[in-house]
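Student: So I've got this file, work-v9.pdb, and it contains PDB, C-alpha atoms:
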ATOM      1  CA  PHE W   1      -5.618 -37.627 -37.081  1.00  0.00           C
ATOM      2  CA  ASN W   2      -6.215 -41.194 -35.881  1.00  0.00           C
ATOM      3  CA  ASN W   3      -4.022 -42.665 -38.622  1.00  0.00           C
ATOM      4  CA  PHE W   4      -1.224 -40.332 -37.603  1.00  0.00           C
ATOM      5  CA  PHE W   5      -0.818 -42.182 -34.307  1.00  0.00           C
ATOM      6  CA  ASN W   6      -0.379 -45.522 -36.091  1.00  0.00           C
ATOM      7  CA  TYR W   7       3.077 -44.411 -37.179  1.00  0.00           C
ATOM      8  CA  ILE W   8       4.436 -42.991 -33.960  1.00  0.00           C
ATOM      9  CA  SER W   9       5.178 -44.598 -30.605  1.00  0.00           C
ATOM     10  CA  SER W  10       5.430 -41.509 -28.436  1.00  0.00           C
ATOM     11  CA  ILE W  11       3.966 -38.066 -27.946  1.00  0.00           C
ATOM     12  CA  LYS W  12       5.678 -34.858 -26.809  1.00  0.00           C
ATOM     13  CA  VAL W  13       3.808 -32.172 -24.901  1.00  0.00           C
ATOM     14  CA  THR W  14       4.669 -28.906 -23.180  1.00  0.00           C
ATOM     15  CA  GLY W  15       3.023 -27.689 -19.987  1.00  0.00           C
ATOM     16  CA  SER W  16       3.400 -24.334 -18.289  1.00  0.00           C
ATOM     17  CA  SER W  17       2.886 -22.624 -14.964  1.00  0.00           C
ATOM     18  CA  LYS W  18       2.546 -18.923 -14.166  1.00  0.00           C
ATOM     19  CA  THR W  19       2.534 -17.244 -10.743  1.00  0.00           C
ATOM     20  CA  ASP W  20       2.397 -13.647  -9.511  1.00  0.00           C
ATOM     21  CA  PHE W  21       4.216 -12.810  -6.276  1.00  0.00           C
ATOM     22  CA  ILE W  22       5.418  -9.849  -4.238  1.00  0.00           C
ATOM     23  CA  SER W  23       9.044  -9.474  -3.186  1.00  0.00           C
ATOM     24  CA  ASP W  24       9.705  -9.576   0.560  1.00  0.00           C
ATOM     25  CA  ILE W  25      13.376  -8.512   0.555  1.00  0.00           C
ATOM     26  CA  ILE W  26      14.766  -5.167  -0.537  1.00  0.00           C
ATOM     27  CA  VAL W  27      18.399  -4.184  -1.081  1.00  0.00           C
ATOM     28  CA  TRP W  28      19.269  -0.488  -1.205  1.00  0.00           C
ATOM     29  CA  GLU W  29      22.660   1.187  -1.429  1.00  0.00           C
ATOM     30  CA  CYS W  30      23.801   4.780  -1.225  1.00  0.00           C
ATOM     31  CA  THR W  31      27.105   6.622  -1.080  1.00  0.00           C
ATOM     32  CA  PHE W  32      27.841   9.835   0.803  1.00  0.00           C
ATOM     33  CA  GLY W  33      30.987  11.905   1.012  1.00  0.00           C
ATOM     34  CA  THR W  34      32.681  15.191   1.745  1.00  0.00           C
ATOM     35  CA  GLN W  35      35.736  17.208   0.751  1.00  0.00           C
ATOM     36  CA  ASN W  36      38.010  19.371   2.843  1.00  0.00           C
ATOM     37  CA  ILE W  37      41.580  20.565   2.623  1.00  0.00           C
ATOM     38  CA  ILE W  38      42.024  19.565   6.272  1.00  0.00           C
ATOM     39  CA  LEU W  39      41.758  15.809   6.725  1.00  0.00           C
ATOM     40  CA  GLU W  40      40.547  15.950  10.340  1.00  0.00           C
ATOM     41  CA  ASP W  41      37.708  18.309   9.397  1.00  0.00           C
ATOM     42  CA  ALA W  42      36.695  15.990   6.566  1.00  0.00           C
ATOM     43  CA  TYR W  43      36.517  13.066   9.010  1.00  0.00           C
ATOM     44  CA  ASP W  44      34.398  15.101  11.422  1.00  0.00           C
ATOM     45  CA  LYS W  45      31.960  16.097   8.661  1.00  0.00           C
ATOM     46  CA  LEU W  46      31.633  12.531   7.388  1.00  0.00           C
ATOM     47  CA  ASP W  47      31.022  11.236  10.916  1.00  0.00           C
ATOM     48  CA  GLN W  48      28.339  13.891  11.412  1.00  0.00           C
ATOM     49  CA  ASP W  49      26.706  12.882   8.120  1.00  0.00           C
ATOM     50  CA  LYS W  50      26.739   9.232   9.208  1.00  0.00           C
ATOM     51  CA  ASN W  51      24.990  10.078  12.482  1.00  0.00           C
ATOM     52  CA  ASN W  52      22.349  12.080  10.620  1.00  0.00           C
ATOM     53  CA  ILE W  53      21.742   9.115   8.318  1.00  0.00           C
ATOM     54  CA  ILE W  54      21.351   6.784  11.309  1.00  0.00           C
ATOM     55  CA  THR W  55      18.809   9.177  12.799  1.00  0.00           C
ATOM     56  CA  PHE W  56      17.046   9.235   9.441  1.00  0.00           C
ATOM     57  CA  LEU W  57      16.900   5.423   9.433  1.00  0.00           C
ATOM     58  CA  ASN W  58      15.425   5.356  12.929  1.00  0.00           C
ATOM     59  CA  LYS W  59      12.707   7.841  11.966  1.00  0.00           C
ATOM     60  CA  ASN W  60      11.784   5.640   9.000  1.00  0.00           C
ATOM     61  CA  ASN W  61      11.558   2.497  11.190  1.00  0.00           C
ATOM     62  CA  VAL W  62      14.461   0.786   9.425  1.00  0.00           C
ATOM     63  CA  PRO W  63      16.130  -1.927  11.572  1.00  0.00           C
ATOM     64  CA  LEU W  64      19.704  -0.755  12.189  1.00  0.00           C
ATOM     65  CA  GLU W  65      20.918  -4.355  12.228  1.00  0.00           C
ATOM     66  CA  ASP W  66      20.073  -4.484   8.519  1.00  0.00           C
ATOM     67  CA  ALA W  67      22.298  -1.488   7.750  1.00  0.00           C
ATOM     68  CA  VAL W  68      26.005  -1.946   7.008  1.00  0.00           C
ATOM     69  CA  PHE W  69      28.406   0.970   6.600  1.00  0.00           C
ATOM     70  CA  THR W  70      31.564   0.277   4.619  1.00  0.00           C
ATOM     71  CA  SER W  71      35.012   1.530   5.517  1.00  0.00           C
ATOM     72  CA  ILE W  72      35.894   5.095   4.561  1.00  0.00           C
ATOM     73  CA  LYS W  73      37.711   5.648   1.285  1.00  0.00           C
ATOM     74  CA  ILE W  74      40.188   8.526   1.062  1.00  0.00           C
ATOM     75  CA  SER W  75      41.551  10.146  -2.077  1.00  0.00           C
ATOM     76  CA  GLU W  76      43.317  13.384  -2.881  1.00  0.00           C
ATOM     77  CA  LYS W  77      41.894  15.903  -5.307  1.00  0.00           C
ATOM     78  CA  HIS W  78      44.125  18.044  -7.484  1.00  0.00           C
ATOM     79  CA  GLU W  79      43.261  20.863  -9.855  1.00  0.00           C
ATOM     80  CA  ASN W  80      45.148  21.679 -13.016  1.00  0.00           C
ATOM     81  CA  LYS W  81      46.284  25.302 -13.131  1.00  0.00           C
ATOM     82  CA  THR W  82      48.504  27.519 -15.218  1.00  0.00           C
ATOM     83  CA  ASP W  83      51.046  29.979 -13.829  1.00  0.00           C
ATOM     84  CA  ARG W  84      51.951  33.407 -15.228  1.00  0.00           C
ATOM     85  CA  ASP W  85      54.506  31.872 -17.587  1.00  0.00           C
ATOM     86  CA  GLY W  86      51.914  29.548 -19.126  1.00  0.00           C
ATOM     87  CA  ILE W  87      53.277  26.470 -17.387  1.00  0.00           C
ATOM     88  CA  ARG W  88      50.614  24.033 -16.302  1.00  0.00           C
ATOM     89  CA  PHE W  89      50.836  22.434 -12.884  1.00  0.00           C
ATOM     90  CA  SER W  90      48.698  20.396 -10.506  1.00  0.00           C
ATOM     91  CA  GLU W  91      47.689  21.881  -7.175  1.00  0.00           C
ATOM     92  CA  PHE W  92      46.329  19.958  -4.192  1.00  0.00           C
ATOM     93  CA  SER W  93      42.763  21.113  -3.448  1.00  0.00           C
ATOM     94  CA  GLY W  94      41.656  18.808  -0.658  1.00  0.00           C
ATOM     95  CA  TYR W  95      40.888  15.334   0.623  1.00  0.00           C
ATOM     96  CA  VAL W  96      37.827  13.479  -0.648  1.00  0.00           C
ATOM     97  CA  LEU W  97      36.226  11.032   1.803  1.00  0.00           C
ATOM     98  CA  THR W  98      33.423   8.683   0.798  1.00  0.00           C
ATOM     99  CA  GLN W  99      31.488   5.971   2.582  1.00  0.00           C
ATOM    100  CA  SER W 100      28.767   3.596   1.432  1.00  0.00           C
ATOM    101  CA  LEU W 101      25.679   2.249   3.146  1.00  0.00           C
ATOM    102  CA  LYS W 102      24.000  -1.018   2.166  1.00  0.00           C
ATOM    103  CA  ILE W 103      20.669  -2.135   3.588  1.00  0.00           C
ATOM    104  CA  GLU W 104      19.264  -5.627   3.031  1.00  0.00           C
ATOM    105  CA  SER W 105      15.995  -6.022   4.869  1.00  0.00           C
ATOM    106  CA  LYS W 106      12.462  -7.354   4.886  1.00  0.00           C
ATOM    107  CA  ALA W 107      11.179  -3.892   5.789  1.00  0.00           C
ATOM    108  CA  VAL W 108      10.380  -3.393   2.122  1.00  0.00           C
ATOM    109  CA  ASP W 109       7.860  -0.565   2.366  1.00  0.00           C
ATOM    110  CA  GLU W 110       9.916   1.455   4.850  1.00  0.00           C
ATOM    111  CA  ILE W 111      13.146   1.273   2.839  1.00  0.00           C
ATOM    112  CA  GLU W 112      11.290   1.888  -0.398  1.00  0.00           C
ATOM    113  CA  ARG W 113       9.992   5.174   1.003  1.00  0.00           C
ATOM    114  CA  LEU W 114      13.415   5.990   2.402  1.00  0.00           C
ATOM    115  CA  SER W 115      15.129   5.527  -0.985  1.00  0.00           C
ATOM    116  CA  ARG W 116      12.708   8.040  -2.508  1.00  0.00           C
ATOM    117  CA  ASP W 117      13.134  10.597   0.262  1.00  0.00           C
ATOM    118  CA  VAL W 118      16.893  11.197   0.212  1.00  0.00           C
ATOM    119  CA  THR W 119      16.191  14.861  -0.496  1.00  0.00           C
ATOM    120  CA  THR W 120      15.636  15.164   3.251  1.00  0.00           C
ATOM    121  CA  LEU W 121      19.289  14.262   3.766  1.00  0.00           C
ATOM    122  CA  ILE W 122      20.449  16.500   0.934  1.00  0.00           C
ATOM    123  CA  ASN W 123      18.650  19.417   2.609  1.00  0.00           C
ATOM    124  CA  LYS W 124      20.747  18.697   5.711  1.00  0.00           C
ATOM    125  CA  GLY W 125      23.909  19.311   3.691  1.00  0.00           C
ATOM    126  CA  ILE W 126      24.734  15.658   3.083  1.00  0.00           C
ATOM    127  CA  GLU W 127      26.214  14.891  -0.327  1.00  0.00           C
ATOM    128  CA  ILE W 128      24.483  11.572  -0.948  1.00  0.00           C
ATOM    129  CA  GLN W 129      23.898   9.502  -4.060  1.00  0.00           C
ATOM    130  CA  SER W 130      21.083   6.965  -3.918  1.00  0.00           C
ATOM    131  CA  LYS W 131      20.976   3.851  -6.083  1.00  0.00           C
ATOM    132  CA  LYS W 132      17.848   2.139  -7.351  1.00  0.00           C
ATOM    133  CA  PRO W 133      16.631  -0.528  -4.873  1.00  0.00           C
ATOM    134  CA  TYR W 134      16.614  -4.204  -5.813  1.00  0.00           C
ATOM    135  CA  TYR W 135      13.836  -6.617  -4.834  1.00  0.00           C
ATOM    136  CA  PHE W 136      14.108 -10.339  -4.050  1.00  0.00           C
ATOM    137  CA  TYR W 137      11.909 -13.133  -2.696  1.00  0.00           C
ATOM    138  CA  SER W 138      13.014 -15.270   0.253  1.00  0.00           C
ATOM    139  CA  LYS W 139      10.800 -18.253  -0.677  1.00  0.00           C
ATOM    140  CA  LEU W 140      11.832 -18.436  -4.313  1.00  0.00           C
ATOM    141  CA  SER W 141      13.076 -22.044  -4.037  1.00  0.00           C
ATOM    142  CA  ASP W 142       9.714 -23.248  -2.697  1.00  0.00           C
ATOM    143  CA  LEU W 143       7.918 -21.236  -5.353  1.00  0.00           C
ATOM    144  CA  LYS W 144       9.981 -22.856  -8.113  1.00  0.00           C
ATOM    145  CA  ILE W 145       9.282 -26.382  -6.837  1.00  0.00           C
ATOM    146  CA  ASN W 146       5.553 -25.687  -6.714  1.00  0.00           C
ATOM    147  CA  MET W 147       5.585 -24.205 -10.218  1.00  0.00           C
ATOM    148  CA  ILE W 148       7.504 -27.172 -11.655  1.00  0.00           C
ATOM    149  CA  SER W 149       4.890 -29.485 -10.183  1.00  0.00           C
ATOM    150  CA  LYS W 150       2.060 -27.464 -11.747  1.00  0.00           C
ATOM    151  CA  ALA W 151       3.806 -27.277 -15.134  1.00  0.00           C
ATOM    152  CA  THR W 152       4.338 -31.054 -15.102  1.00  0.00           C
ATOM    153  CA  LYS W 153       0.697 -31.718 -14.244  1.00  0.00           C
ATOM    154  CA  ASP W 154      -0.368 -29.344 -17.003  1.00  0.00           C
ATOM    155  CA  ALA W 155       1.793 -31.186 -19.540  1.00  0.00           C
ATOM    156  CA  LYS W 156       0.455 -34.576 -18.455  1.00  0.00           C
ATOM    157  CA  LEU W 157      -3.123 -33.322 -18.722  1.00  0.00           C
ATOM    158  CA  ARG W 158      -2.451 -32.163 -22.262  1.00  0.00           C
ATOM    159  CA  ALA W 159      -0.992 -35.564 -23.150  1.00  0.00           C
ATOM    160  CA  GLU W 160      -4.004 -37.371 -21.696  1.00  0.00           C
ATOM    161  CA  MET W 161      -6.412 -35.157 -23.643  1.00  0.00           C
ATOM    162  CA  ILE W 162      -4.561 -35.763 -26.912  1.00  0.00           C
ATOM    163  CA  ALA W 163      -4.416 -39.510 -26.332  1.00  0.00           C
ATOM    164  CA  GLU W 164      -8.102 -39.655 -25.422  1.00  0.00           C
ATOM    165  CA  SER W 165      -9.188 -37.634 -28.447  1.00  0.00           C
ATOM    166  CA  SER W 166      -7.217 -39.950 -30.728  1.00  0.00           C
ATOM    167  CA  ALA W 167      -8.469 -43.198 -29.141  1.00  0.00           C
ATOM    168  CA  SER W 168      -4.952 -43.983 -27.952  1.00  0.00           C
ATOM    169  CA  ILE W 169      -3.578 -45.179 -24.637  1.00  0.00           C
ATOM    170  CA  LEU W 170      -1.069 -42.977 -22.819  1.00  0.00           C
ATOM    171  CA  GLY W 171       1.886 -45.068 -21.719  1.00  0.00           C
ATOM    172  CA  LYS W 172       4.836 -44.450 -19.427  1.00  0.00           C
ATOM    173  CA  LEU W 173       6.871 -41.291 -19.235  1.00  0.00           C
ATOM    174  CA  LEU W 174       9.924 -41.553 -21.472  1.00  0.00           C
ATOM    175  CA  LYS W 175      11.554 -38.167 -20.997  1.00  0.00           C
ATOM    176  CA  ALA W 176      11.064 -35.007 -18.965  1.00  0.00           C
ATOM    177  CA  GLN W 177      12.762 -31.656 -19.426  1.00  0.00           C
ATOM    178  CA  MET W 178      12.211 -28.472 -17.465  1.00  0.00           C
ATOM    179  CA  GLY W 179      12.465 -25.097 -19.162  1.00  0.00           C
ATOM    180  CA  VAL W 180      14.221 -22.064 -17.694  1.00  0.00           C
ATOM    181  CA  PHE W 181      12.502 -19.776 -15.222  1.00  0.00           C
ATOM    182  CA  GLN W 182      11.440 -16.377 -16.439  1.00  0.00           C
ATOM    183  CA  ILE W 183      10.857 -13.793 -13.694  1.00  0.00           C
ATOM    184  CA  ILE W 184       9.729 -10.432 -15.032  1.00  0.00           C
ATOM    185  CA  ALA W 185       7.967  -7.360 -13.679  1.00  0.00           C
ATOM    186  CA  LYS W 186       4.224  -7.909 -13.351  1.00  0.00           C
ATOM    187  CA  ASN W 187       2.167  -6.491 -16.233  1.00  0.00           C
ATOM    188  CA  SER W 188       5.344  -5.521 -18.097  1.00  0.00           C
ATOM    189  CA  THR W 189       6.520  -5.982 -21.667  1.00  0.00           C
ATOM    190  CA  GLU W 190       9.887  -7.494 -20.742  1.00  0.00           C
ATOM    191  CA  ASN W 191      11.204 -10.045 -23.214  1.00  0.00           C
ATOM    192  CA  TYR W 192      12.027 -13.588 -22.196  1.00  0.00           C
ATOM    193  CA  SER W 193      15.610 -14.822 -22.461  1.00  0.00           C
ATOM    194  CA  TRP W 194      16.866 -18.212 -23.618  1.00  0.00           C
ATOM    195  CA  GLY W 195      18.972 -18.456 -20.498  1.00  0.00           C
ATOM    196  CA  GLY W 196      16.171 -17.288 -18.219  1.00  0.00           C
ATOM    197  CA  ARG W 197      15.403 -13.845 -16.836  1.00  0.00           C
ATOM    198  CA  HIS W 198      15.301 -12.596 -13.256  1.00  0.00           C
ATOM    199  CA  ASN W 199      13.942  -9.084 -12.792  1.00  0.00           C
ATOM    200  CA  LYS W 200      15.421  -7.360  -9.731  1.00  0.00           C
ATOM    201  CA  THR W 201      14.032  -3.831 -10.060  1.00  0.00           C
ATOM    202  CA  SER W 202      10.307  -4.512  -9.593  1.00  0.00           C
ATOM    203  CA  LYS W 203       8.601  -5.403  -6.316  1.00  0.00           C
ATOM    204  CA  HIS W 204       5.666  -7.086  -8.056  1.00  0.00           C
ATOM    205  CA  LYS W 205       6.817  -9.943 -10.266  1.00  0.00           C
ATOM    206  CA  THR W 206       5.470 -12.719 -12.475  1.00  0.00           C
ATOM    207  CA  ALA W 207       7.241 -16.071 -12.765  1.00  0.00           C
ATOM    208  CA  THR W 208       6.711 -18.615 -15.535  1.00  0.00           C
ATOM    209  CA  VAL W 209       8.244 -22.007 -16.307  1.00  0.00           C
ATOM    210  CA  THR W 210       7.616 -24.791 -18.820  1.00  0.00           C
ATOM    211  CA  ALA W 211       7.932 -28.553 -18.629  1.00  0.00           C
ATOM    212  CA  LYS W 212       8.405 -30.750 -21.710  1.00  0.00           C
ATOM    213  CA  LEU W 213       7.312 -34.387 -21.376  1.00  0.00           C
ATOM    214  CA  GLU W 214       7.450 -37.314 -23.722  1.00  0.00           C
ATOM    215  CA  TYR W 215       5.104 -40.307 -23.232  1.00  0.00           C
ATOM    216  CA  SER W 216       4.831 -43.604 -25.009  1.00  0.00           C
ATOM    217  CA  ILE W 217       1.435 -44.279 -26.622  1.00  0.00           C
ATOM    218  CA  GLY W 218      -0.465 -47.320 -27.833  1.00  0.00           C
ATOM    219  CA  LEU W 219      -3.708 -48.100 -29.588  1.00  0.00           C
TER     220      LEU W 219
END
When written as structure tokens, how does the structure in this file appear?

Tutor:
Amino acid sequence: FNNFFNYISSIKVTGSSKTDFISDIIVWECTFGTQNIILEDAYDKLDQDKNNIITFLNKNNVPLEDAVFTSIKISEKHENKTDRDGIRFSEFSGYVLTQSLKIESKAVDEIERLSRDVTTLINKGIEIQSKKPYYFYSKLSDLKINMISKATKDAKLRAEMIAESSASILGKLLKAQMGVFQIIAKNSTENYSWGGRHNKTSKHKTATVTAKLEYSIGL
């Protein structure tokens, strides 16, 4: 082992850092709509549904300033039919109105419960489709900087231990390379990706990063 270092002038080491954290931002979207052959009645129903959703948000302590309703989309629905002579034709069956709601908020627990309780709105006659919420972390940049520092210190410590055990002297840093960040669900079996992974569907996450350093060495 000692003789090995007589033929090389540098040493390469890899350090790592791992941190668990909890998301503090949630993004949830849903779409609701109605259909009616009379356009004015469809508008009235959709407006009533919107008001019921706002009331639902208030009861769940969701800040209304975090809720954004999109503009209403209108389309016509036609049904294919066949007359007595066997000729197929398309018949207008009504107007379809849809509207979306997007909430981006730090009220994570409240909106998480809300996204699971849309059956309350369905029971009120609202045709609503709920999407899976996404979770983010507002201090991710600071977290990454701290993890890079820890990974670098870990790599340097490894280099010092190797140099000491081989009776060598650790020299100056020749090269440093940071690996990609891997953010996965905590206690999950998600696979890492070469380009880095960023889990958005789990509130509890685990972040890892590596740092590759190359030092000069002497005897």

Student: How big is the axis-aligned box around the listed atoms of region 147-152 of chain W once 6 Å is added on each side, and where is its centre? Give both in Å to one decimal, as AutoDock Vina command-line options.

Tutor:
--center_x 4.8 --center_y -27.6 --center_z -12.7 --size_x 17.4 --size_y 18.8 --size_z 17.0

Student: Could you check which of W:Ser23, W:Thr152, W:Ser71, W:Ser165 is closest to Gln99 (chain W), using all atoms listed in the file?

Tutor: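 Result for the nearest residue to Gln99 (chain W): W:Ser71.
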
Student: Go through region 122-161 of chain W residue by residue and, counting all atoms listed in the file, keep those with an atom at most 12 Å from region 182-190 of chain W; for each kept residue give the shortest atom pair and its distance in Å to one decimal, ordered by chain and increasing number, as CSV.

Tutor:
residue,atom,partner,partner_atom,distance
W:Tyr135,CA,W:Ala185,CA,10.6
W:Phe136,CA,W:Ile183,CA,10.7
W:Tyr137,CA,W:Ile183,CA,11.1
W:Leu140,CA,W:Ile183,CA,10.5
W:Leu143,CA,W:Ile183,CA,11.6
W:Lys144,CA,W:Gln182,CA,10.7
W:Met147,CA,W:Gln182,CA,11.6

Student: For CA of Thr201 (chain W) and CA of Val27 (chain W), quote the distance in Å rounded to one decimal.

Tutor: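 Computing the Euclidean distance for CA of Thr201 (chain W) and CA of Val27 (chain W) yields 10.0 Å.
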
Student: By how many Å are CA of Tyr192 (chain W) and CA of Thr210 (chain W) apart?

Tutor: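 Pair CA of Tyr192 (chain W) / CA of Thr210 (chain W) returns 12.5 Å.
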
Student: For the point (22.0, 12.2, 10.4) in the file's frame, write as a ChimeraX atom specification all residues with an atom no more than 12 Å away, counting all atoms listed in the file.

Tutor: /W:32,45-59,118,120-128

Student: I'd like the contact shell of Gly171 (chain W) - 9 Å cut-off, only C-alpha atoms, skipping same-chain residues fewer than 3 positions apart - returned as a compact mmCIF listing (two decimals) with C-alpha atoms, keeping the file's coordinate frame.

Tutor:
# COMPACT_ATOMS: atom_id res chain seq x y z
CA SER W 10 5.43 -41.51 -28.44
CA LEU W 174 9.92 -41.55 -21.47
CA TYR W 215 5.10 -40.31 -23.23
CA SER W 216 4.83 -43.60 -25.01
CA ILE W 217 1.44 -44.28 -26.62
CA GLY W 218 -0.46 -47.32 -27.83

Student: Can you work out which one of W:Asp20, W:Glu160, W:Asp66, W:Asp154 has the shortest atom-to-atom distance to Ala107 (chain W), counting all atoms listed in the file?

Tutor: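 Selected residue with least distance to Ala107 (chain W): W:Asp66.
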
Student: Pick the closest to Ile111 (chain W) from W:Ile145, W:Ile11, W:Leu64, W:Leu170: which is it, counting all atoms listed in the file?

Tutor: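 The closest residue to Ile111 (chain W) is W:Leu64.
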
Student: Evaluate the PyMOL selection byres ((chain W and resi 109) around 10) on the structure here and hand back the selected residues as a ChimeraX atom specification.

Tutor: /W:24-26,60,62,106-108,110-114,203
